[in-house]
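Visitor: Starting off with a structure, shown below.
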Amino acid sequence: MSLVSTVVDPILNLHGPPAYALVGALVFSEAALFVGFVLPGETAALLGGVLAHRQQVSLAGMAAVAVAAAIIGDSVGYEVGRHFGTRLVGTRLFARRQQGLVRAQQTLRATGGRAVFLARFTAFLRAVMPGLAGTARMPYRRFLAFNAAGGLIWAVGFTLLGYLAGASYQKVEKIAGRASAALLAILILALLIVLIRRRRDRDTTPDHPDHPDQS
């Protein structure tokens with residue numbers, strides 16, 4: 001039995017407060033404790049919707065829990081990054097993810113708050129972007145605005161997907177995973193375009209030190 005299965009199966013057997021608590025904890029922990037590397041938060045939100053479909057919990061209540069957990073978890077991740085980000089990036093947890101971290105940092109510098117919003121819809125970026133925003137000292141109010149917007153749409157959307165999918169949630173989960181990968185590829189491509197344009201603009205600016213018009 002896989003690690004994911006050992007988490008998924010108990011969730012589907014829960015009712016009421018324990019179900020809210022576990023789904024909320026998993027969504028919260030994705031960015032706050034980097035649990036997203038093991039179980040993506042979108043899986044937990046989908047399962048919360050499945051529980052609502054089975055009438056084991058309230059759909060509105062589960063969506064509210066997922067939204068609150070996503071926003072609060074990212075805020076904790078932001079604070080972790082602000083205080084310990086530089087040291088964390090050098091730990092074994094991120095040893096094999098350095099290229100992904102570099103791309104995420106470049107995305108954050110290039111697009112700012114929009115990167116925080118879009119990261120919510122990509123598994124890897126969703127787990128690390130709040131911490132990187134804190135490490136980069138992005139103003140918290142700006143971070144919170146984009147984080148809350150992304151968290152609201154993401155949490156409600158995936159909870160509803162789980163509710164509508166019912167017993168077929170595993171198919172939806174696979175589709176969501178592919179969509180996340182596609183979005184990550186689009187973000188990387190957009191980042192490269194932005195960086196190339198900025199470099200071209202610098203090279204063609206008259207006061208650039210390498211410009212041929214300079215004496």
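Following the order of the structure tokens, chains are lettered A, B, ..., residues in each are numbered from 1, and ligands are numbered from 1.
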Taking 3 positions as the minimum chain separation for residues in the same chain, which residues sit within 9 Å of Arg126 in chain A when counting only C-alpha atoms? Answer as an MDAnalysis selection string.
Guide: chainID A and resid 30:31 36 40:41 74 116 118:123 129:130
Visitor: Determine, counting only C-alpha atoms, which protein, DNA and RNA residues have an atom within 8 Å of an atom of Gly166 in chain A; residues of the same chain fewer than 5 positions away are not included. Present the result as a list in words.
Guide: Gly49, Val50, His53 and Arg54 of chain A
Visitor: Can I get the selection written as a PDB file, in the first residue's frame, with N, CA, C and O atoms?
Guide:
```
ATOM      1  N   GLY A  49     -14.409  17.094  -0.930  1.00  0.00           N
ATOM      2  CA  GLY A  49     -15.598  17.163  -1.778  1.00  0.00           C
ATOM      3  C   GLY A  49     -16.282  15.817  -1.918  1.00  0.00           C
ATOM      4  O   GLY A  49     -17.517  15.724  -1.953  1.00  0.00           O
ATOM      5  N   VAL A  50     -15.482  14.739  -2.009  1.00  0.00           N
ATOM      6  CA  VAL A  50     -16.049  13.389  -2.089  1.00  0.00           C
ATOM      7  C   VAL A  50     -16.838  13.078  -0.821  1.00  0.00           C
ATOM      8  O   VAL A  50     -17.930  12.505  -0.878  1.00  0.00           O
ATOM      9  N   HIS A  53     -20.071  14.699  -1.068  1.00  0.00           N
ATOM     10  CA  HIS A  53     -20.919  13.949  -1.998  1.00  0.00           C
ATOM     11  C   HIS A  53     -21.564  12.761  -1.294  1.00  0.00           C
ATOM     12  O   HIS A  53     -22.723  12.416  -1.559  1.00  0.00           O
ATOM     13  N   ARG A  54     -20.826  12.145  -0.376  1.00  0.00           N
ATOM     14  CA  ARG A  54     -21.333  10.994   0.381  1.00  0.00           C
ATOM     15  C   ARG A  54     -22.186  11.429   1.573  1.00  0.00           C
ATOM     16  O   ARG A  54     -22.619  10.588   2.341  1.00  0.00           O
TER      17      ARG A  54
END
```
Visitor: Name the residues in contact with Phe143 in chain A at a cut-off of 12 Å, using only C-alpha atoms, excluding same-chain residues fewer than 4 positions from it; report them as a compact mmCIF listing (two decimals) with N, CA and C atoms, in the first residue's frame.
Guide:
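Saved result, selection_38.txt, follows:
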```
# COMPACT_ATOMS: atom_id res chain seq x y z
N ILE A 71 -5.26 29.51 3.10
CA ILE A 71 -4.76 30.87 3.34
C ILE A 71 -3.86 30.92 4.57
N ASP A 74 -0.50 29.03 3.98
CA ASP A 74 0.44 29.81 3.18
C ASP A 74 1.03 30.97 3.98
N SER A 75 0.23 31.56 4.87
CA SER A 75 0.74 32.65 5.70
C SER A 75 1.82 32.14 6.65
N VAL A 76 1.61 30.93 7.19
CA VAL A 76 2.65 30.33 8.05
C VAL A 76 3.90 30.04 7.22
N GLY A 77 3.70 29.52 6.00
CA GLY A 77 4.83 29.27 5.11
C GLY A 77 5.60 30.54 4.81
N TYR A 78 4.86 31.64 4.63
CA TYR A 78 5.50 32.94 4.39
C TYR A 78 6.38 33.33 5.57
N GLU A 79 5.86 33.17 6.79
CA GLU A 79 6.62 33.53 7.99
C GLU A 79 7.83 32.62 8.18
N LEU A 108 8.94 34.54 -9.21
CA LEU A 108 8.52 35.50 -8.19
C LEU A 108 9.08 36.88 -8.48
N GLY A 112 5.99 38.91 -9.44
CA GLY A 112 5.53 39.39 -8.13
C GLY A 112 4.29 38.70 -7.62
N GLY A 113 3.27 39.49 -7.27
CA GLY A 113 2.05 38.96 -6.69
C GLY A 113 1.35 37.97 -7.59
N ARG A 114 1.45 38.15 -8.90
CA ARG A 114 0.80 37.21 -9.82
C ARG A 114 1.39 35.82 -9.67
N ALA A 115 2.69 35.74 -9.34
CA ALA A 115 3.33 34.44 -9.14
C ALA A 115 2.73 33.74 -7.93
N VAL A 116 2.44 34.49 -6.88
CA VAL A 116 1.81 33.91 -5.69
C VAL A 116 0.44 33.36 -6.03
N PHE A 117 -0.31 34.11 -6.81
CA PHE A 117 -1.66 33.66 -7.20
C PHE A 117 -1.59 32.41 -8.08
N ALA A 119 0.85 30.28 -8.46
CA ALA A 119 1.49 29.13 -7.81
C ALA A 119 0.48 28.25 -7.10
N MET A 129 6.16 28.43 -2.86
CA MET A 129 6.07 29.85 -3.16
C MET A 129 5.86 30.73 -1.92
N PRO A 130 5.00 30.35 -0.97
CA PRO A 130 4.85 31.20 0.22
C PRO A 130 6.17 31.41 0.96
N GLY A 131 6.94 30.32 1.12
CA GLY A 131 8.23 30.46 1.78
C GLY A 131 9.19 31.33 1.00
N LEU A 132 9.18 31.20 -0.32
CA LEU A 132 10.07 32.03 -1.15
C LEU A 132 9.65 33.49 -1.09
N ALA A 133 8.34 33.73 -1.03
CA ALA A 133 7.86 35.12 -0.91
C ALA A 133 8.33 35.74 0.40
N GLY A 134 8.30 34.93 1.47
CA GLY A 134 8.79 35.42 2.75
C GLY A 134 10.29 35.65 2.72
N ALA A 136 12.05 36.44 0.16
CA ALA A 136 12.29 37.61 -0.68
C ALA A 136 11.77 38.90 -0.03
N ARG A 137 11.16 38.78 1.16
CA ARG A 137 10.62 39.95 1.88
C ARG A 137 9.54 40.68 1.09
N MET A 138 8.71 39.92 0.35
CA MET A 138 7.55 40.54 -0.28
C MET A 138 6.66 41.12 0.82
N PRO A 139 6.16 42.34 0.67
CA PRO A 139 5.27 42.92 1.69
C PRO A 139 4.11 41.97 1.98
N ASN A 147 -2.53 35.74 -2.25
CA ASN A 147 -2.65 34.41 -1.67
C ASN A 147 -4.11 34.09 -1.36
N ALA A 148 -4.83 35.06 -0.79
CA ALA A 148 -6.24 34.84 -0.44
C ALA A 148 -7.08 34.62 -1.69
N ALA A 149 -6.81 35.40 -2.74
CA ALA A 149 -7.56 35.24 -3.99
C ALA A 149 -7.34 33.85 -4.58
N GLY A 150 -6.08 33.44 -4.64
CA GLY A 150 -5.77 32.11 -5.18
C GLY A 150 -6.31 31.01 -4.30
N GLY A 151 -6.17 31.17 -2.98
CA GLY A 151 -6.66 30.15 -2.06
C GLY A 151 -8.16 29.96 -2.14
```
Visitor: With only C-alpha atoms as the atoms that count, which of A:Gly16, A:Gly162, A:Pro10, A:Gly48 lies nearest to Ala64 in chain A?
Guide: A:Gly48
Visitor: To one decimal place, how far is CA of Val27 in chain A from CA of Phe124 in chain A in Å?
Guide: 13.7 Å
Visitor: Could you check the closest approach to Phe84 in chain A for each of A:Thr135, A:Gln105, A:Ala66, A:Leu125 and tell me which residue wins, using only C-alpha atoms?
Guide: A:Thr135
Visitor: Could you tell me how far CA of Leu26 in chain A sits from CA of Ala44 in chain A, in Å to one decimal place?
Guide: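 These atoms are spaced 6.4 Å apart.
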Visitor: Mind pulling up the distance from CA of Val65 in chain A to CA of Ala127 in chain A?
Guide: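 Taking CA of Ala127 in chain A and CA of Val65 in chain A, their separation equals 18.3 Å.
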Visitor: Can you tell me, as a PyMOL selection string, what residues are no more than 12 Å from Met62 in chain A when counting only C-alpha atoms, ignoring any on the same chain fewer than 5 positions away?
Guide: chain A and resi 15-24+27+44-53+55-57+67-69+155-160+162-163
